file entry_37.pdb (PDB, C-alpha atoms)
ATOM      1  CA  MET A   1    -122.324 123.934 -71.558
ATOM      2  CA  THR A   2    -125.637 125.717 -70.913
ATOM      3  CA  PRO A   3    -127.284 126.900 -74.171
ATOM      4  CA  LYS A   4    -127.492 130.674 -74.516
ATOM      5  CA  HIS A   5    -131.293 130.579 -74.562
ATOM      6  CA  ALA A   6    -131.669 128.204 -71.583
ATOM      7  CA  VAL A   7    -133.993 129.509 -68.895
ATOM      8  CA  ASP A   8    -133.957 128.755 -65.192
ATOM      9  CA  VAL A   9    -137.238 129.081 -63.290
ATOM     10  CA  ALA A  10    -137.611 130.565 -59.792
ATOM     11  CA  VAL A  11    -140.836 130.062 -57.824
ATOM     12  CA  ASN A  12    -141.560 131.265 -54.304
ATOM     13  CA  ILE A  13    -144.102 128.998 -52.596
ATOM     14  CA  PHE A  14    -146.459 129.812 -49.740
ATOM     15  CA  GLY A  15    -149.124 127.099 -49.595
ATOM     16  CA  LYS A  16    -151.346 126.553 -52.652
ATOM     17  CA  PRO A  17    -150.264 122.940 -53.362
ATOM     18  CA  PHE A  18    -152.679 122.372 -56.253
ATOM     19  CA  GLN A  19    -152.140 125.805 -57.767
ATOM     20  CA  THR A  20    -148.377 125.360 -57.453
ATOM     21  CA  SER A  21    -148.586 122.000 -59.196
ATOM     22  CA  LEU A  22    -150.727 123.396 -61.999
ATOM     23  CA  SER A  23    -148.404 126.366 -62.448
ATOM     24  CA  LEU A  24    -145.328 124.201 -62.887
ATOM     25  CA  LEU A  25    -146.887 121.385 -64.877
ATOM     26  CA  SER A  26    -148.529 123.785 -67.330
ATOM     27  CA  LEU A  27    -145.220 125.635 -67.731
ATOM     28  CA  LEU A  28    -143.513 122.346 -68.524
ATOM     29  CA  ASP A  29    -146.303 121.449 -70.927
ATOM     30  CA  ARG A  30    -146.014 124.716 -72.872
ATOM     31  CA  SER A  31    -142.355 125.749 -72.542
ATOM     32  CA  ARG A  32    -140.291 122.679 -71.645
ATOM     33  CA  GLN A  33    -137.941 123.194 -74.597
ATOM     34  CA  HIS A  34    -136.581 126.408 -73.064
ATOM     35  CA  LEU A  35    -136.005 125.128 -69.529
ATOM     36  CA  ASN A  36    -132.658 124.456 -67.894
ATOM     37  CA  LYS A  37    -133.469 124.065 -64.181
ATOM     38  CA  ILE A  38    -136.352 124.704 -61.761
ATOM     39  CA  TRP A  39    -135.686 126.319 -58.389
ATOM     40  CA  LEU A  40    -138.423 126.000 -55.748
ATOM     41  CA  ASN A  41    -138.199 128.200 -52.660
ATOM     42  CA  PHE A  42    -140.610 127.177 -49.897
ATOM     43  CA  GLU A  43    -141.561 129.742 -47.264
ATOM     44  CA  PRO A  44    -140.827 128.470 -43.735
ATOM     45  CA  PHE A  45    -144.515 128.922 -42.904
ATOM     46  CA  GLY A  46    -147.424 127.467 -44.853
ATOM     47  CA  SER A  47    -151.149 127.946 -45.142
ATOM     48  CA  LYS A  48    -153.331 126.547 -42.367
ATOM     49  CA  PHE A  49    -155.964 125.603 -44.952
ATOM     50  CA  ASP A  50    -153.931 122.948 -46.794
ATOM     51  CA  LYS A  51    -154.411 119.224 -46.324
ATOM     52  CA  LEU A  52    -151.722 118.452 -48.873
ATOM     53  CA  GLN A  53    -148.136 119.528 -48.295
ATOM     54  CA  PRO A  54    -146.813 121.897 -51.001
ATOM     55  CA  TYR A  55    -143.569 119.897 -51.184
ATOM     56  CA  VAL A  56    -145.226 117.110 -53.178
ATOM     57  CA  ILE A  57    -144.599 118.852 -56.501
ATOM     58  CA  HIS A  58    -140.876 118.810 -55.780
ATOM     59  CA  ASP A  59    -141.022 115.074 -55.171
ATOM     60  CA  TYR A  60    -142.940 114.550 -58.399
ATOM     61  CA  LEU A  61    -140.578 116.644 -60.501
ATOM     62  CA  ARG A  62    -137.562 114.852 -59.039
ATOM     63  CA  GLU A  63    -139.106 111.462 -59.796
ATOM     64  CA  ARG A  64    -140.833 112.043 -63.128
ATOM     65  CA  CYS A  65    -139.327 115.114 -64.835
ATOM     66  CA  ASP A  66    -136.171 115.258 -66.935
ATOM     67  CA  ILE A  67    -135.607 118.922 -65.969
ATOM     68  CA  PRO A  68    -133.389 119.316 -62.853
ATOM     69  CA  CYS A  69    -135.276 120.653 -59.850
ATOM     70  CA  GLU A  70    -133.834 121.979 -56.592
ATOM     71  CA  ALA A  71    -135.773 122.983 -53.481
ATOM     72  CA  SER A  72    -134.724 125.347 -50.704
ATOM     73  CA  GLN A  73    -136.272 126.748 -47.564
ATOM     74  CA  PRO A  74    -134.766 129.768 -45.800
ATOM     75  CA  ASP A  75    -134.045 129.950 -42.102
ATOM     76  CA  PHE A  76    -135.648 133.391 -41.930
ATOM     77  CA  TRP A  77    -139.075 134.626 -42.958
ATOM     78  CA  LEU A  78    -139.182 138.238 -44.055
ATOM     79  CA  ALA A  79    -142.850 138.257 -45.087
ATOM     80  CA  ARG A  80    -143.290 141.876 -46.288
ATOM     81  CA  ASP A  81    -140.459 143.267 -44.168
ATOM     82  CA  THR A  82    -137.655 145.324 -45.641
ATOM     83  CA  PRO A  83    -134.422 143.302 -45.489
ATOM     84  CA  ASP A  84    -131.952 144.417 -42.837
ATOM     85  CA  GLN A  85    -129.134 146.122 -44.751
ATOM     86  CA  GLU A  86    -126.602 145.187 -42.072
ATOM     87  CA  ARG A  87    -127.319 141.484 -42.662
ATOM     88  CA  MET A  88    -127.241 141.552 -46.457
ATOM     89  CA  ALA A  89    -123.674 140.244 -46.490
ATOM     90  CA  ASP A  90    -124.937 136.961 -44.987
ATOM     91  CA  PRO A  91    -125.879 134.495 -47.795
ATOM     92  CA  ALA A  92    -128.283 132.610 -45.506
ATOM     93  CA  TYR A  93    -130.125 135.810 -44.674
ATOM     94  CA  ARG A  94    -130.272 136.885 -48.331
ATOM     95  CA  SER A  95    -131.887 133.543 -49.173
ATOM     96  CA  ALA A  96    -134.971 134.715 -47.273
ATOM     97  CA  ILE A  97    -135.534 137.285 -50.046
ATOM     98  CA  ARG A  98    -137.877 135.899 -52.684
ATOM     99  CA  TYR A  99    -136.106 134.398 -55.722
ATOM    100  CA  GLN A 100    -132.658 135.321 -54.356
ATOM    101  CA  TYR A 101    -131.510 131.715 -53.821
ATOM    102  CA  ALA A 102    -131.948 130.967 -57.519
ATOM    103  CA  TRP A 103    -130.709 134.422 -58.539
ATOM    104  CA  GLU A 104    -127.305 133.809 -56.952
ATOM    105  CA  ARG A 105    -126.905 130.159 -57.943
ATOM    106  CA  SER A 106    -128.320 129.861 -61.444
ATOM    107  CA  SER A 107    -125.917 128.965 -64.248
ATOM    108  CA  ALA A 108    -128.374 129.989 -66.982
ATOM    109  CA  PRO A 109    -128.305 133.349 -68.785
ATOM    110  CA  TRP A 110    -132.046 133.847 -68.210
ATOM    111  CA  LEU A 111    -134.138 133.614 -65.034
ATOM    112  CA  PHE A 112    -137.919 133.281 -65.290
ATOM    113  CA  ILE A 113    -139.647 134.437 -62.116
ATOM    114  CA  MET A 114    -143.225 133.251 -61.694
ATOM    115  CA  HIS A 115    -146.025 133.010 -59.184
ATOM    116  CA  ASN A 116    -147.370 129.701 -57.956
ATOM    117  CA  ASP A 117    -150.950 130.586 -58.938
ATOM    118  CA  VAL A 118    -150.730 130.831 -62.712
ATOM    119  CA  TYR A 119    -151.900 128.533 -65.504
ATOM    120  CA  PHE A 120    -150.000 128.651 -68.782
ATOM    121  CA  ILE A 121    -152.108 128.223 -71.900
ATOM    122  CA  ARG A 122    -149.425 129.088 -74.487
ATOM    123  CA  ASP A 123    -145.627 129.176 -74.737
ATOM    124  CA  LEU A 124    -144.932 132.429 -72.915
ATOM    125  CA  LEU A 125    -141.202 131.796 -72.603
ATOM    126  CA  GLY A 126    -140.808 131.380 -76.342
ATOM    127  CA  ALA A 127    -142.593 134.679 -76.915
ATOM    128  CA  MET A 128    -140.508 136.435 -74.274
ATOM    129  CA  LEU A 129    -137.210 135.157 -75.645
ATOM    130  CA  GLY A 130    -138.265 136.264 -79.098
ATOM    131  CA  GLN A 131    -139.189 139.790 -77.996
ATOM    132  CA  ILE A 132    -136.822 140.743 -75.170
ATOM    133  CA  GLY A 133    -133.987 141.976 -77.375
ATOM    134  CA  ASP A 134    -131.419 143.888 -75.310
ATOM    135  CA  ALA A 135    -133.841 144.726 -72.478
ATOM    136  CA  ALA A 136    -132.981 143.828 -68.893
ATOM    137  CA  ALA A 137    -136.310 142.034 -68.454
ATOM    138  CA  ILE A 138    -139.629 141.437 -70.138
ATOM    139  CA  ALA A 139    -142.959 141.174 -68.310
ATOM    140  CA  GLU A 140    -146.226 142.958 -67.851
ATOM    141  CA  ILE A 141    -144.966 146.364 -66.771
ATOM    142  CA  GLY A 142    -146.478 148.299 -63.909
ATOM    143  CA  GLN A 143    -149.309 148.071 -61.414
ATOM    144  CA  CYS A 144    -151.117 150.787 -63.311
ATOM    145  CA  TRP A 145    -154.435 150.207 -61.541
ATOM    146  CA  ASN A 146    -152.814 151.691 -58.394
ATOM    147  CA  CYS A 147    -150.986 154.554 -60.097
ATOM    148  CA  PRO A 148    -152.378 158.102 -60.425
ATOM    149  CA  ALA A 149    -150.086 158.759 -63.399
ATOM    150  CA  ALA A 150    -152.197 156.302 -65.396
ATOM    151  CA  ASN A 151    -155.245 158.501 -64.864
ATOM    152  CA  ALA A 152    -155.749 160.799 -67.845
ATOM    153  CA  GLY A 153    -157.333 163.580 -65.805
ATOM    154  CA  LEU A 154    -154.628 163.693 -63.151
ATOM    155  CA  ALA A 155    -151.727 163.300 -65.600
ATOM    156  CA  GLY A 156    -153.125 166.054 -67.793
ATOM    157  CA  SER A 157    -153.892 168.562 -65.057
ATOM    158  CA  ILE A 158    -150.748 168.058 -62.980
ATOM    159  CA  CYS A 159    -148.085 166.995 -65.485
ATOM    160  CA  ALA A 160    -149.555 168.464 -68.699
ATOM    161  CA  SER A 161    -149.004 165.010 -70.113
ATOM    162  CA  ALA A 162    -150.815 162.064 -71.568
ATOM    163  CA  PRO A 163    -151.305 159.306 -68.976
ATOM    164  CA  CYS A 164    -148.454 156.886 -68.427
ATOM    165  CA  GLN A 165    -148.947 153.609 -70.325
ATOM    166  CA  ARG A 166    -147.075 150.403 -69.643
ATOM    167  CA  GLN A 167    -146.276 149.860 -73.315
ATOM    168  CA  HIS A 168    -144.527 153.261 -73.426
ATOM    169  CA  TYR A 169    -143.606 153.842 -69.800
ATOM    170  CA  GLN A 170    -140.268 155.437 -70.741
ATOM    171  CA  GLU A 171    -142.095 158.306 -72.439
ATOM    172  CA  PHE A 172    -143.648 159.572 -69.190
ATOM    173  CA  SER A 173    -141.776 161.979 -66.925
ATOM    174  CA  CYS A 174    -142.547 164.134 -63.922
ATOM    175  CA  THR A 175    -140.799 166.121 -61.226
ATOM    176  CA  ALA A 176    -140.840 165.113 -57.575
ATOM    177  CA  THR A 177    -143.314 167.919 -56.884
ATOM    178  CA  GLN A 178    -145.611 166.710 -59.652
ATOM    179  CA  LEU A 179    -145.367 163.147 -58.368
ATOM    180  CA  ARG A 180    -146.307 164.290 -54.872
ATOM    181  CA  ASN A 181    -149.245 166.240 -56.262
ATOM    182  CA  LEU A 182    -150.415 163.267 -58.308
ATOM    183  CA  TYR A 183    -150.714 161.218 -55.136
ATOM    184  CA  ARG A 184    -152.275 163.987 -53.092
ATOM    185  CA  GLU A 185    -154.928 164.682 -55.692
ATOM    186  CA  ALA A 186    -155.600 160.957 -56.081
ATOM    187  CA  GLN A 187    -156.219 160.733 -52.337
ATOM    188  CA  LYS A 188    -158.551 163.745 -52.412
ATOM    189  CA  SER A 189    -160.546 162.393 -55.341
ATOM    190  CA  GLU A 190    -160.737 158.951 -53.713
ATOM    191  CA  LYS A 191    -159.060 157.343 -56.701
ATOM    192  CA  PHE A 192    -157.251 154.321 -55.301
ATOM    193  CA  SER A 193    -153.549 154.784 -54.741
ATOM    194  CA  ARG A 194    -151.124 153.757 -52.051
ATOM    195  CA  PRO A 195    -150.027 156.502 -49.620
ATOM    196  CA  TYR A 196    -146.645 157.119 -51.193
ATOM    197  CA  ASP A 197    -147.091 160.857 -50.634
ATOM    198  CA  ALA A 198    -146.671 160.233 -46.885
ATOM    199  CA  GLY A 199    -142.892 160.478 -46.630
ATOM    200  CA  CYS A 200    -141.972 158.126 -49.461
ATOM    201  CA  ILE A 201    -141.374 160.744 -52.135
ATOM    202  CA  GLU A 202    -139.115 162.740 -49.818
ATOM    203  CA  ALA A 203    -137.218 159.591 -48.822
ATOM    204  CA  ASP A 204    -136.735 157.850 -52.168
ATOM    205  CA  PHE A 205    -138.119 159.921 -55.037
ATOM    206  CA  SER A 206    -136.962 163.500 -54.480
ATOM    207  CA  GLU A 207    -133.770 163.024 -56.495
ATOM    208  CA  GLN A 208    -135.097 160.278 -58.792
ATOM    209  CA  PRO A 209    -138.862 160.759 -59.273
ATOM    210  CA  TRP A 210    -138.981 158.286 -62.162
ATOM    211  CA  PRO A 211    -139.581 155.335 -62.581
ATOM    212  CA  LEU A 212    -142.745 155.719 -60.549
ATOM    213  CA  PRO A 213    -143.625 153.962 -57.262
ATOM    214  CA  GLU A 214    -145.899 151.393 -58.935
ATOM    215  CA  CYS A 215    -143.624 150.660 -61.870
ATOM    216  CA  ARG A 216    -141.954 147.254 -62.083
ATOM    217  CA  PRO A 217    -141.839 144.113 -64.217
ATOM    218  CA  ASN A 218    -144.617 142.163 -62.506
ATOM    219  CA  GLU A 219    -143.398 139.053 -60.762
ATOM    220  CA  TRP A 220    -146.169 136.628 -61.689
ATOM    221  CA  ALA A 221    -144.375 136.056 -65.018
ATOM    222  CA  CYS A 222    -141.107 137.897 -65.605
ATOM    223  CA  LEU A 223    -138.108 136.895 -67.714
ATOM    224  CA  ILE A 224    -134.881 138.558 -66.580
ATOM    225  CA  ASN A 225    -131.591 138.766 -68.457
ATOM    226  CA  LEU A 226    -129.613 137.364 -65.557
ATOM    227  CA  ALA A 227    -126.273 137.575 -67.329
ATOM    228  CA  LYS A 228    -126.817 141.312 -67.798
ATOM    229  CA  THR A 229    -128.346 142.276 -64.446
ATOM    230  CA  ARG A 230    -126.728 139.991 -61.876
ATOM    231  CA  PRO A 231    -123.394 141.881 -61.933
ATOM    232  CA  ILE A 232    -125.103 145.110 -60.805
ATOM    233  CA  THR A 233    -127.547 143.550 -58.311
ATOM    234  CA  VAL A 234    -126.918 142.667 -54.653
ATOM    235  CA  PRO A 235    -124.644 140.990 -53.614
ATOM    236  CA  ASN A 236    -122.471 141.893 -56.613
ATOM    237  CA  GLY A 237    -123.632 145.475 -57.144
ATOM    238  CA  ASP A 238    -125.688 148.275 -55.667
ATOM    239  CA  VAL A 239    -129.086 147.479 -57.213
ATOM    240  CA  TYR A 240    -131.669 146.334 -54.662
ATOM    241  CA  PRO A 241    -132.650 142.641 -54.920
ATOM    242  CA  TYR A 242    -135.536 141.983 -57.297
ATOM    243  CA  GLY A 243    -137.584 139.982 -54.780
ATOM    244  CA  ALA A 244    -137.374 142.359 -51.808
ATOM    245  CA  PHE A 245    -140.014 144.694 -50.432
ATOM    246  CA  LYS A 246    -138.765 148.113 -49.362
ATOM    247  CA  MET A 247    -140.286 150.382 -46.753
ATOM    248  CA  CYS A 248    -140.952 153.811 -48.208
ATOM    249  CA  GLY A 249    -142.497 156.401 -45.919
ATOM    250  CA  ASN A 250    -145.612 154.792 -44.457
ATOM    251  CA  ALA A 251    -145.994 152.169 -47.191
ATOM    252  CA  HIS A 252    -144.016 149.455 -48.928
ATOM    253  CA  LEU A 253    -142.585 149.592 -52.400
ATOM    254  CA  ASP A 254    -143.745 146.311 -53.892
ATOM    255  CA  ILE A 255    -141.500 143.508 -55.089
ATOM    256  CA  GLY A 256    -139.421 144.531 -58.101
ATOM    257  CA  VAL A 257    -139.974 148.300 -57.793
ATOM    258  CA  ALA A 258    -136.656 149.210 -56.156
ATOM    259  CA  TRP A 259    -134.813 146.803 -58.492
ATOM    260  CA  PHE A 260    -136.529 148.386 -61.504
ATOM    261  CA  ARG A 261    -135.455 151.851 -60.376
ATOM    262  CA  GLY A 262    -131.930 150.600 -59.785
ATOM    263  CA  ILE A 263    -131.406 149.122 -63.228
ATOM    264  CA  HIS A 264    -132.654 152.362 -64.798
ATOM    265  CA  ARG A 265    -129.959 154.227 -62.874
ATOM    266  CA  HIS A 266    -127.537 151.945 -64.707
ATOM    267  CA  GLY A 267    -129.032 152.857 -68.082
ATOM    268  CA  MET A 268    -131.066 149.668 -68.534
ATOM    269  CA  ALA A 269    -134.766 149.303 -69.295
ATOM    270  CA  CYS A 270    -137.456 146.622 -69.456
ATOM    271  CA  LYS A 271    -139.945 145.637 -72.125
ATOM    272  CA  HIS A 272    -143.687 145.109 -71.828
ATOM    273  CA  ILE A 273    -145.510 142.005 -73.022
ATOM    274  CA  ASN A 274    -149.175 141.205 -72.532
ATOM    275  CA  VAL A 275    -148.794 138.026 -70.493
ATOM    276  CA  ARG A 276    -152.589 137.640 -70.250
ATOM    277  CA  ASP A 277    -152.502 136.236 -73.785
ATOM    278  CA  TYR A 278    -150.406 133.338 -72.479
ATOM    279  CA  LEU A 279    -151.592 132.583 -68.948
ATOM    280  CA  LYS A 280    -154.367 132.840 -66.405
ATOM    281  CA  HIS A 281    -153.516 134.249 -62.985
ATOM    282  CA  TRP A 282    -155.383 133.469 -59.784
ATOM    283  CA  VAL A 283    -154.825 135.332 -56.541
ATOM    284  CA  GLY A 284    -155.565 134.779 -52.871
ATOM    285  CA  THR A 285    -153.338 133.069 -50.319
ATOM    286  CA  GLY A 286    -156.151 132.291 -47.919
ATOM    287  CA  LYS A 287    -154.869 134.638 -45.229
ATOM    288  CA  LYS A 288    -157.942 136.835 -45.673
ATOM    289  CA  SER A 289    -160.504 134.498 -47.195
ATOM    290  CA  ALA A 290    -160.556 130.765 -46.617
ATOM    291  CA  THR A 291    -163.424 130.446 -49.098
ATOM    292  CA  ARG A 292    -161.573 132.214 -51.880
ATOM    293  CA  TYR A 293    -158.476 130.151 -51.226
ATOM    294  CA  ALA A 294    -160.444 126.890 -51.296
ATOM    295  CA  GLN A 295    -162.164 127.878 -54.523
ATOM    296  CA  ALA A 296    -158.845 128.607 -56.213
ATOM    297  CA  GLU A 297    -157.414 125.298 -55.005
ATOM    298  CA  ASP A 298    -160.504 123.370 -56.145
ATOM    299  CA  ASN A 299    -160.335 125.062 -59.528
ATOM    300  CA  ALA A 300    -156.676 124.097 -59.930
ATOM    301  CA  LEU A 301    -157.416 120.501 -58.871
ATOM    302  CA  ALA A 302    -160.202 120.212 -61.445
ATOM    303  CA  ILE A 303    -157.842 121.343 -64.208
ATOM    304  CA  LEU A 304    -155.116 118.996 -62.987
ATOM    305  CA  LYS A 305    -157.530 116.060 -63.154
ATOM    306  CA  LYS A 306    -158.419 116.933 -66.727
ATOM    307  CA  ARG A 307    -155.024 117.991 -68.089
ATOM    308  CA  PHE A 308    -152.530 116.035 -65.989
ATOM    309  CA  PRO A 309    -154.121 112.710 -64.952
ATOM    310  CA  ASP A 310    -150.707 111.067 -64.503
ATOM    311  CA  TYR A 311    -149.899 113.543 -61.754
ATOM    312  CA  ILE A 312    -153.254 112.923 -60.052
ATOM    313  CA  GLU A 313    -152.641 109.166 -60.163
ATOM    314  CA  TRP A 314    -149.216 109.735 -58.623
ATOM    315  CA  LEU A 315    -150.722 111.989 -55.928
ATOM    316  CA  GLU A 316    -153.357 109.427 -55.010
ATOM    317  CA  LYS A 317    -150.580 106.946 -54.267
ATOM    318  CA  LYS A 318    -148.323 109.501 -52.575
ATOM    319  CA  ALA A 319    -150.945 111.163 -50.346
ATOM    320  CA  PRO A 320    -154.115 109.034 -50.402
ATOM    321  CA  ASP A 321    -155.648 110.572 -47.257
ATOM    322  CA  ALA A 322    -155.377 114.122 -48.568
ATOM    323  CA  MET A 323    -156.758 113.157 -51.963
ATOM    324  CA  ARG A 324    -159.787 111.384 -50.445
ATOM    325  CA  SER A 325    -160.873 114.388 -48.408
TER     326      SER A 325
END
call {"tool": "encode", "arguments": {"input": "entry_37.pdb", "output": "structure tokens"}}
result
Amino acid sequence: MTPKHAVDVAVNIFGKPFQTSLSLLSLLDRSRQHLNKIWLNFEPFGSKFDKLQPYVIHDYLRERCDIPCEASQPDFWLARDTPDQERMADPAYRSAIRYQYAWERSSAPWLFIMHNDVYFIRDLLGAMLGQIGDAAAIAEIGQCWNCPAANAGLAGSICASAPCQRQHYQEFSCTATQLRNLYREAQKSEKFSRPYDAGCIEADFSEQPWPLPECRPNEWACLINLAKTRPITVPNGDVYPYGAFKMCGNAHLDIGVAWFRGIHRHGMACKHINVRDYLKHWVGTGKKSATRYAQAEDNALAILKKRFPDYIEWLEKKAPDAMRS
């Protein structure tokens, strides 16, 4: 029987072999006692900058780790596309949605969704389990750096409100007209925001203007009460899959936003935790900057050599050519 506090881990992997390895090995180092199973989902396309295949961490975990690990690779690649609603009844097609393979197959009550470019320095899972309470999920809430509602001047002048804050996001409210004006004024003042005023508010936010277009439990480290939310989420319910992008006007709603809005329609909410106290997060897939990608990979390799020498020794035997270059 799976313990009630057992956590499954879901990771979507596009390249980044050293960062992926560091992400998983540091999670095991800090939070192994909470783990039930690790689910690795490999994108069907990889990065052209890698000399080491990202699959090696799966081989290592299968050989050397006492935590079960399962790998999958979908037949379809959605990239940032909105899933085709007419194909959502097909399990193989749904598996192309990030984290969905684990979401539908996990036997654990909790699912921890994480990026493959993080480095855990403390036991984040223990802290999350201790603080989540009856919330649907716990994570760093919101991409507030993109959101005009987080700007004190705009929130005050348009909504007569204090700015929205992730720790108290449920206290902020606005009408659809106010939301549209927030984005329009942000564009005029050249404060960065995505163009959600261009058709998105009419399409998705006119009847439900809140939660806001940038509000979600951020996917780089998010613990979800799977037992509570899976029954209402596709394919079992009407809530949009957590890992899916959604076209909204002329822009995308990011991963987790539509799911976040859906669970609130069902009367659920999420809790904020400052994950930066527990991990470091690197970004950059290499699609735009080969130099940035290489620097992030080199940084991860240097930490692996220092913190996880057994893995490096294993890698040198498994892929000697890649490790010599």
call {"tool": "resolve_selection", "arguments": {"input": "entry_37.pdb", "expression": "the PyMOL selection byres ((chain A and resi 26-43) around 6)", "output": "short mmCIF file (atom, residue, chain, number, x, y, z; two decimals) with C-alpha atoms, keeping the file's coordinate frame"}}
result
data_model
loop_
_atom_site.label_atom_id
_atom_site.label_comp_id
_atom_site.auth_asym_id
_atom_site.auth_seq_id
_atom_site.Cartn_x
_atom_site.Cartn_y
_atom_site.Cartn_z
CA ALA A 6 -131.67 128.20 -71.58
CA VAL A 7 -133.99 129.51 -68.90
CA ASP A 8 -133.96 128.76 -65.19
CA VAL A 9 -137.24 129.08 -63.29
CA ALA A 10 -137.61 130.56 -59.79
CA VAL A 11 -140.84 130.06 -57.82
CA ASN A 12 -141.56 131.26 -54.30
CA ILE A 13 -144.10 129.00 -52.60
CA PHE A 14 -146.46 129.81 -49.74
CA LEU A 22 -150.73 123.40 -62.00
CA SER A 23 -148.40 126.37 -62.45
CA LEU A 24 -145.33 124.20 -62.89
CA LEU A 25 -146.89 121.38 -64.88
CA PRO A 44 -140.83 128.47 -43.74
CA PHE A 45 -144.51 128.92 -42.90
CA ILE A 67 -135.61 118.92 -65.97
CA PRO A 68 -133.39 119.32 -62.85
CA CYS A 69 -135.28 120.65 -59.85
CA GLU A 70 -133.83 121.98 -56.59
CA ALA A 71 -135.77 122.98 -53.48
CA SER A 72 -134.72 125.35 -50.70
CA GLN A 73 -136.27 126.75 -47.56
CA PHE A 120 -150.00 128.65 -68.78
CA ARG A 122 -149.43 129.09 -74.49
CA ASP A 123 -145.63 129.18 -74.74
#
call {"tool": "residues_around", "arguments": {"input": "entry_37.pdb", "residues": "Arg265 (chain A)", "least_positions_apart": "2", "cutoff": "12 Å", "atoms": "all atoms listed in the file", "output": "PyMOL selection string"}}
result
chain A and resi 207-211+232-233+238-240+258-263+267-269
call {"tool": "write_last_selection", "arguments": {"input": "entry_37.pdb", "atoms": "C-alpha atoms", "output": "PDB file, in the frame of the given file"}}
result
ATOM      1  CA  GLU A 207    -133.770 163.024 -56.495  1.00  0.00           C
ATOM      2  CA  GLN A 208    -135.097 160.278 -58.792  1.00  0.00           C
ATOM      3  CA  PRO A 209    -138.862 160.759 -59.273  1.00  0.00           C
ATOM      4  CA  TRP A 210    -138.981 158.286 -62.162  1.00  0.00           C
ATOM      5  CA  PRO A 211    -139.581 155.335 -62.581  1.00  0.00           C
ATOM      6  CA  ILE A 232    -125.103 145.110 -60.805  1.00  0.00           C
ATOM      7  CA  THR A 233    -127.547 143.550 -58.311  1.00  0.00           C
ATOM      8  CA  ASP A 238    -125.688 148.275 -55.667  1.00  0.00           C
ATOM      9  CA  VAL A 239    -129.086 147.479 -57.213  1.00  0.00           C
ATOM     10  CA  TYR A 240    -131.669 146.334 -54.662  1.00  0.00           C
ATOM     11  CA  ALA A 258    -136.656 149.210 -56.156  1.00  0.00           C
ATOM     12  CA  TRP A 259    -134.813 146.803 -58.492  1.00  0.00           C
ATOM     13  CA  PHE A 260    -136.529 148.386 -61.504  1.00  0.00           C
ATOM     14  CA  ARG A 261    -135.455 151.851 -60.376  1.00  0.00           C
ATOM     15  CA  GLY A 262    -131.930 150.600 -59.785  1.00  0.00           C
ATOM     16  CA  ILE A 263    -131.406 149.122 -63.228  1.00  0.00           C
ATOM     17  CA  GLY A 267    -129.032 152.857 -68.082  1.00  0.00           C
ATOM     18  CA  MET A 268    -131.066 149.668 -68.534  1.00  0.00           C
ATOM     19  CA  ALA A 269    -134.766 149.303 -69.295  1.00  0.00           C
TER      20      ALA A 269
END
call {"tool": "residues_around", "arguments": {"input": "entry_37.pdb", "residues": "region 200-202 of chain A", "least_positions_apart": "3", "cutoff": "8 Å", "atoms": "all atoms listed in the file", "output": "list in words"}}
result
Ala176, Leu179, Arg180, Tyr196, Asp197, Phe205, Ser206, Pro209, Cys248, Gly249, Asn250 and Ala251 of chain A
call {"tool": "resolve_selection", "arguments": {"input": "entry_37.pdb", "expression": "the PyMOL selection byres ((chain A and resi 77) around 10)", "output": "JSON, numbers by chain"}}
result
{"A": [43, 44, 45, 73, 74, 75, 76, 78, 79, 80, 81, 93, 95, 96, 97, 98]}
call {"tool": "write_last_selection", "arguments": {"input": "entry_37.pdb", "atoms": "C-alpha atoms", "output": "CSV table (one decimal), keeping the file's coordinate frame"}}
result
chain,number,residue,atom,x,y,z
A,43,GLU,CA,-141.6,129.7,-47.3
A,44,PRO,CA,-140.8,128.5,-43.7
A,45,PHE,CA,-144.5,128.9,-42.9
A,73,GLN,CA,-136.3,126.7,-47.6
A,74,PRO,CA,-134.8,129.8,-45.8
A,75,ASP,CA,-134.0,130.0,-42.1
A,76,PHE,CA,-135.6,133.4,-41.9
A,78,LEU,CA,-139.2,138.2,-44.1
A,79,ALA,CA,-142.8,138.3,-45.1
A,80,ARG,CA,-143.3,141.9,-46.3
A,81,ASP,CA,-140.5,143.3,-44.2
A,93,TYR,CA,-130.1,135.8,-44.7
A,95,SER,CA,-131.9,133.5,-49.2
A,96,ALA,CA,-135.0,134.7,-47.3
A,97,ILE,CA,-135.5,137.3,-50.0
A,98,ARG,CA,-137.9,135.9,-52.7
call {"tool": "residues_around", "arguments": {"input": "entry_37.pdb", "residues": "Arg184 (chain A)", "least_positions_apart": "3", "cutoff": "10 Å", "atoms": "only C-alpha atoms", "output": "PyMOL selection string"}}
result
chain A and resi 148+178-181+187-190+193+195-198
call {"tool": "resolve_selection", "arguments": {"input": "entry_37.pdb", "expression": "the PyMOL selection byres ((chain A and resi 276) around 10)", "output": "list in words"}}
result
Phe120, Ile121, Leu124, Glu140, Ala221, Ile273, Asn274, Val275, Asp277, Tyr278, Leu279, Lys280 and His281 of chain A
call {"tool": "closest_residue", "arguments": {"input": "entry_37.pdb", "among": "A:Trp103, A:Thr82, A:Pro109, A:Thr175", "to": "His252 (chain A)", "atoms": "only C-alpha atoms"}}
result
A:Thr82
call {"tool": "closest_residue", "arguments": {"input": "entry_37.pdb", "among": "A:Met247, A:Met323, A:Lys51, A:Phe112", "to": "Tyr311 (chain A)", "atoms": "only C-alpha atoms"}}
result
A:Met323
call {"tool": "closest_residue", "arguments": {"input": "entry_37.pdb", "among": "A:His58, A:Arg94, A:Lys16, A:His168", "to": "Val118 (chain A)", "atoms": "all atoms listed in the file"}}
result
A:Lys16
call {"tool": "atom_distance", "arguments": {"input": "entry_37.pdb", "atom1": "CA of Gly199 (chain A)", "atom2": "CA of Ala150 (chain A)"}}
result
21.4 Å
